[in-house]
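One structure is given here, and the rest of the page talks about it.
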Amino acid sequence: PVPPLPTREHSREPARSCTEIRSQLLLPDDHLPLGRAHQLASVVVKESRRAGIAIDTLISVGDVRRYEPAVGSVEVLGVAAAAEHRAVLSRLARLPIAIVSQPRDDSIRIVTERGPVTVHLTIPEDAGAALVWHTGSSAHISALRQRAAERGLHFQKAQLTEKTGRPVRCPSEDDLYDYLDLPLIPPELRSGSDEITSAEQNAIPPLVLERHMRG
């Protein structure tokens with residue numbers, strides 16, 4: 001079930017249990033099946049667009065973007081100018097679907113009737129680094145951080161920087177992987193197994209896409 005949250009000015013009523021939307025699959029108590037998680041993320045994206053919030057891009061990240069069958073947390077990344085972040089967080093907290101909201105520096109956790117969603121924010125210049133950071137598993141990100149350190153860079157808090165702290169801008173995911181001397185690794189493969197080694201050897205396995213399937 002959704003953990004209890006402190007009462008805030010944006011709270012309107014107690015959140016319903018996530019068990020109401022969980023399928024009959026054998027999943028951990030705090031996980032959702034991929035289909036339900038994708039629907040939940042899509043609702044937040046749709047409502048944000050309907051509200052006219054000044055976000056350039058909204059995309060599912062984390063387990064949903066990696067197509068994990070059991071989703072531990074539903075997360076969305078929004079790209080907006082830095083000057084808009086405070087206003088964006090304020091408007092996200094007041095979406096009609098938000099029962100409870102917990103804003104932080106550059107993210108907000110929204111509890112809806114269907115379950116909780118975390119929306120992260122980044123700037124366009126760091127969109128690629130943030131997409132990689134919020135999409136990859138902890139093992140994948142750890143491997144990329146080590147690789148960055150070996151090249152005199154820091155990859156942390158959804159941003160790539162030099163050791164001096166000077167930002168290394170990565171507007172696309174290709175930019176981030178290029179700085180780490182790797183080809184783009186598809187989101188579905190960022191599990192932290194052997195994808196880094198495969199990428200080093202230019203041996204990333206091809207993915208089966210919808211256009212490859214025949215009915």
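Residue numbers start at 1 in each chain; chains themselves are named A, B, ... in the order of the structure tokens; ligands are numbered from 1 in the order shown.
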To test your reading of the structure, identify every residue in region 11-209 of chain A that backbone DSSP assigns to helix (DSSP H, G or I), and report it as a ChimeraX atom specification. /A:18-21,34-50,62-65,82-93,124-135,138-150,173-179,187-189,195-200
Quick one: everything within 9 Å of Gln159 (chain A), counting only C-alpha atoms, minus sequence neighbours fewer than 6 positions away in the same chain. Send it as a list in words.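 In the requested format, the answer is Asp126, Ala127, Gly128, Ala129, Ala130, Trp133, Pro167, Val168, Arg169 and Cys170 of chain A.
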Print the selection's residues with C-alpha atoms to a file, as a PDB file, in the first residue's frame.
ATOM      1  CA  ASP A 126      21.221  18.264 -19.340  1.00  0.00           C
ATOM      2  CA  ALA A 127      18.238  16.344 -20.727  1.00  0.00           C
ATOM      3  CA  GLY A 128      20.354  13.483 -22.086  1.00  0.00           C
ATOM      4  CA  ALA A 129      22.306  12.994 -18.874  1.00  0.00           C
ATOM      5  CA  ALA A 130      19.093  13.126 -16.830  1.00  0.00           C
ATOM      6  CA  TRP A 133      20.437   8.792 -14.904  1.00  0.00           C
ATOM      7  CA  PRO A 167      29.000  21.223 -16.380  1.00  0.00           C
ATOM      8  CA  VAL A 168      29.526  19.006 -19.413  1.00  0.00           C
ATOM      9  CA  ARG A 169      26.312  19.546 -21.326  1.00  0.00           C
ATOM     10  CA  CYS A 170      24.529  16.474 -22.670  1.00  0.00           C
TER      11      CYS A 170
END
For Asp105 (chain A), the closest of A:Arg65, A:Leu121, A:Ser42, A:Leu92 counting only C-alpha atoms is A:Leu121
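Among the candidates A:Leu40, A:Ala83, A:Ala54, A:Arg190, the residue lying nearest to Ser137 (chain A) is A:Arg190 (atoms considered: only C-alpha atoms).
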Shortest contact to Ser60 (chain A), candidates A:Glu113, A:Glu84, A:Asp181, A:Glu75, atoms counted only C-alpha atoms, goes to A:Glu75
List the neighbours of Leu189 (chain A) out to 10 Å using only C-alpha atoms; skip same-chain residues closer than 4 positions along the sequence, and give me the result as a PDB file with C-alpha atoms, in the first residue's frame.
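Saved result, part_33.pdb, follows:
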ATOM      1  CA  ARG A  66      13.267  -0.235 -19.241  1.00  0.00           C
ATOM      2  CA  TYR A  67      10.085  -2.322 -19.681  1.00  0.00           C
ATOM      3  CA  GLY A 136      19.221   3.040 -15.861  1.00  0.00           C
ATOM      4  CA  SER A 137      19.225   0.512 -13.036  1.00  0.00           C
ATOM      5  CA  HIS A 140      24.054   0.423 -14.823  1.00  0.00           C
ATOM      6  CA  ILE A 185      22.730   1.646 -25.123  1.00  0.00           C
ATOM      7  CA  SER A 193      24.319  -7.003 -16.423  1.00  0.00           C
ATOM      8  CA  ASP A 194      26.763  -7.164 -19.344  1.00  0.00           C
ATOM      9  CA  GLU A 195      25.506  -4.324 -21.551  1.00  0.00           C
ATOM     10  CA  ILE A 196      28.591  -2.147 -20.930  1.00  0.00           C
ATOM     11  CA  ILE A 204      24.745  -4.671 -28.458  1.00  0.00           C
ATOM     12  CA  PRO A 205      22.042  -7.220 -29.378  1.00  0.00           C
ATOM     13  CA  LEU A 207      15.916  -5.363 -30.177  1.00  0.00           C
TER      14      LEU A 207
END
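Between CA of Ala143 (chain A) and CA of Ala203 (chain A) the interatomic distance comes to 17.4 Å.
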May I ask which of the residues A:Arg145, A:Lys163, A:Arg91, A:Arg36 is the closest one to Gly52 (chain A), counting only C-alpha atoms?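 For Gly52 (chain A), the nearest of the candidates is A:Arg91.
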When you look at Thr118 (chain A) with a cut-off of 8 Å (counting only C-alpha atoms), what residues show up, excluding the ones that are within fewer than 3 positions of it in the same chain? I need them as a PDB file with C-alpha atoms, in the first residue's frame.
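Contents of selection_32.pdb, freshly written:
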ATOM      1  CA  SER A  73       8.306   3.103  -8.720  1.00  0.00           C
ATOM      2  CA  VAL A  74       6.577   5.073 -11.458  1.00  0.00           C
ATOM      3  CA  GLU A  75       8.747   7.986 -12.568  1.00  0.00           C
ATOM      4  CA  VAL A  76       8.511  10.689 -15.224  1.00  0.00           C
ATOM      5  CA  SER A 107      11.203  16.730  -8.241  1.00  0.00           C
ATOM      6  CA  ILE A 108       7.761  16.117  -6.811  1.00  0.00           C
ATOM      7  CA  ARG A 109       5.979  12.973  -5.611  1.00  0.00           C
ATOM      8  CA  ILE A 110       2.301  12.990  -6.477  1.00  0.00           C
TER       9      ILE A 110
END
Backbone-only DSSP, strand (DSSP E) members of chain A, as a ChimeraX atom specification: /A:32-33,57-61,70-71,74-79,100-103,107-112,115-122,153-156,159-162
Saved selection, atoms kept: N, CA and C atoms, as a CSV table (one decimal), in the first residue's frame:
chain,number,residue,atom,x,y,z
A,32,LEU,N,4.1,-2.7,-9.2
A,32,LEU,CA,2.9,-2.7,-10.1
A,32,LEU,C,3.3,-3.5,-11.4
A,33,PRO,N,2.4,-4.2,-12.0
A,33,PRO,CA,2.7,-4.7,-13.3
A,33,PRO,C,2.9,-3.6,-14.3
A,57,THR,N,9.3,18.6,-22.5
A,57,THR,CA,9.2,17.2,-22.8
A,57,THR,C,8.8,16.5,-21.5
A,58,LEU,N,7.9,15.5,-21.6
A,58,LEU,CA,7.6,14.6,-20.5
A,58,LEU,C,7.7,13.2,-21.0
A,59,ILE,N,8.5,12.4,-20.3
A,59,ILE,CA,8.7,11.0,-20.7
A,59,ILE,C,8.9,10.1,-19.5
A,60,SER,N,8.3,8.9,-19.6
A,60,SER,CA,8.5,7.9,-18.6
A,60,SER,C,9.9,7.5,-18.5
A,61,VAL,N,10.4,7.3,-17.2
A,61,VAL,CA,11.8,6.8,-17.0
A,61,VAL,C,11.8,5.6,-16.1
A,70,ALA,N,7.9,-5.9,-13.5
A,70,ALA,CA,7.4,-5.5,-12.2
A,70,ALA,C,8.0,-4.1,-11.9
A,71,VAL,N,7.2,-3.1,-11.7
A,71,VAL,CA,7.7,-1.7,-11.6
A,71,VAL,C,7.7,-1.3,-10.1
A,74,VAL,N,7.0,4.4,-10.2
A,74,VAL,CA,6.6,5.1,-11.5
A,74,VAL,C,7.2,6.5,-11.5
A,75,GLU,N,8.0,6.7,-12.5
A,75,GLU,CA,8.7,8.0,-12.6
A,75,GLU,C,8.6,8.6,-14.0
A,76,VAL,N,8.6,9.9,-14.0
A,76,VAL,CA,8.5,10.7,-15.2
A,76,VAL,C,9.6,11.8,-15.2
A,77,LEU,N,10.2,12.1,-16.3
A,77,LEU,CA,11.1,13.2,-16.4
A,77,LEU,C,10.6,14.3,-17.2
A,78,GLY,N,10.6,15.5,-16.7
A,78,GLY,CA,10.2,16.7,-17.4
A,78,GLY,C,11.4,17.6,-17.7
A,79,VAL,N,11.4,18.1,-18.9
A,79,VAL,CA,12.4,19.0,-19.4
A,79,VAL,C,11.8,20.4,-19.5
A,100,VAL,N,-2.2,13.9,-2.7
A,100,VAL,CA,-1.2,14.4,-1.8
A,100,VAL,C,0.0,14.7,-2.7
A,101,SER,N,0.8,15.8,-2.4
A,101,SER,CA,2.0,16.1,-3.1
A,101,SER,C,3.1,16.4,-2.2
A,102,GLN,N,4.3,15.9,-2.6
A,102,GLN,CA,5.5,16.2,-1.8
A,102,GLN,C,6.6,16.8,-2.7
A,103,PRO,N,6.7,18.1,-2.8
A,103,PRO,CA,7.7,18.7,-3.7
A,103,PRO,C,9.0,18.7,-3.0
A,107,SER,N,12.1,17.8,-8.0
A,107,SER,CA,11.2,16.7,-8.2
A,107,SER,C,10.0,16.9,-7.3
A,108,ILE,N,9.0,16.1,-7.6
A,108,ILE,CA,7.8,16.1,-6.8
A,108,ILE,C,7.1,14.7,-6.8
A,109,ARG,N,6.7,14.3,-5.7
A,109,ARG,CA,6.0,13.0,-5.6
A,109,ARG,C,4.5,13.3,-5.5
A,110,ILE,N,3.7,12.8,-6.4
A,110,ILE,CA,2.3,13.0,-6.5
A,110,ILE,C,1.6,11.7,-6.2
A,111,VAL,N,0.7,11.7,-5.2
A,111,VAL,CA,-0.1,10.5,-5.0
A,111,VAL,C,-1.5,10.7,-5.6
A,112,THR,N,-1.8,9.8,-6.5
A,112,THR,CA,-3.1,9.8,-7.2
A,112,THR,C,-4.0,8.6,-6.7
A,115,GLY,N,-2.2,5.5,-7.7
A,115,GLY,CA,-0.9,5.2,-7.1
A,115,GLY,C,0.0,6.4,-7.2
A,116,PRO,N,1.2,6.3,-6.6
A,116,PRO,CA,2.2,7.5,-6.6
A,116,PRO,C,3.0,7.5,-7.8
A,117,VAL,N,3.3,8.8,-8.2
A,117,VAL,CA,4.2,9.0,-9.3
A,117,VAL,C,5.2,10.1,-8.9
A,118,THR,N,6.5,9.9,-9.3
A,118,THR,CA,7.5,10.9,-9.0
A,118,THR,C,7.9,11.6,-10.3
A,119,VAL,N,7.8,12.9,-10.4
A,119,VAL,CA,8.2,13.7,-11.6
A,119,VAL,C,9.5,14.4,-11.3
A,120,HIS,N,10.5,14.1,-12.1
A,120,HIS,CA,11.8,14.8,-11.9
A,120,HIS,C,11.9,15.9,-13.0
A,121,LEU,N,12.6,16.9,-12.7
A,121,LEU,CA,12.8,18.0,-13.6
A,121,LEU,C,14.3,18.2,-14.0
A,122,THR,N,14.6,18.6,-15.2
A,122,THR,CA,15.9,18.9,-15.6
A,122,THR,C,15.8,20.0,-16.7
A,153,LEU,N,35.8,12.7,-15.2
A,153,LEU,CA,34.5,13.3,-15.2
A,153,LEU,C,33.7,12.8,-14.0
A,154,HIS,N,32.7,13.5,-13.6
A,154,HIS,CA,31.7,13.1,-12.5
A,154,HIS,C,30.4,12.9,-13.2
A,155,PHE,N,29.7,11.8,-12.9
A,155,PHE,CA,28.3,11.6,-13.3
A,155,PHE,C,27.5,11.4,-12.0
A,156,GLN,N,26.8,12.4,-11.6
A,156,GLN,CA,26.0,12.4,-10.4
A,156,GLN,C,24.9,13.3,-10.5
A,159,GLN,N,23.6,14.7,-13.8
A,159,GLN,CA,24.4,15.7,-14.6
A,159,GLN,C,25.8,15.2,-14.7
A,160,LEU,N,26.4,15.5,-15.9
A,160,LEU,CA,27.8,15.1,-16.1
A,160,LEU,C,28.6,16.4,-15.9
A,161,THR,N,29.7,16.3,-15.1
A,161,THR,CA,30.5,17.5,-14.9
A,161,THR,C,32.0,17.1,-15.0
A,162,GLU,N,32.8,18.2,-15.1
A,162,GLU,CA,34.3,18.0,-15.0
A,162,GLU,C,34.6,17.9,-13.5
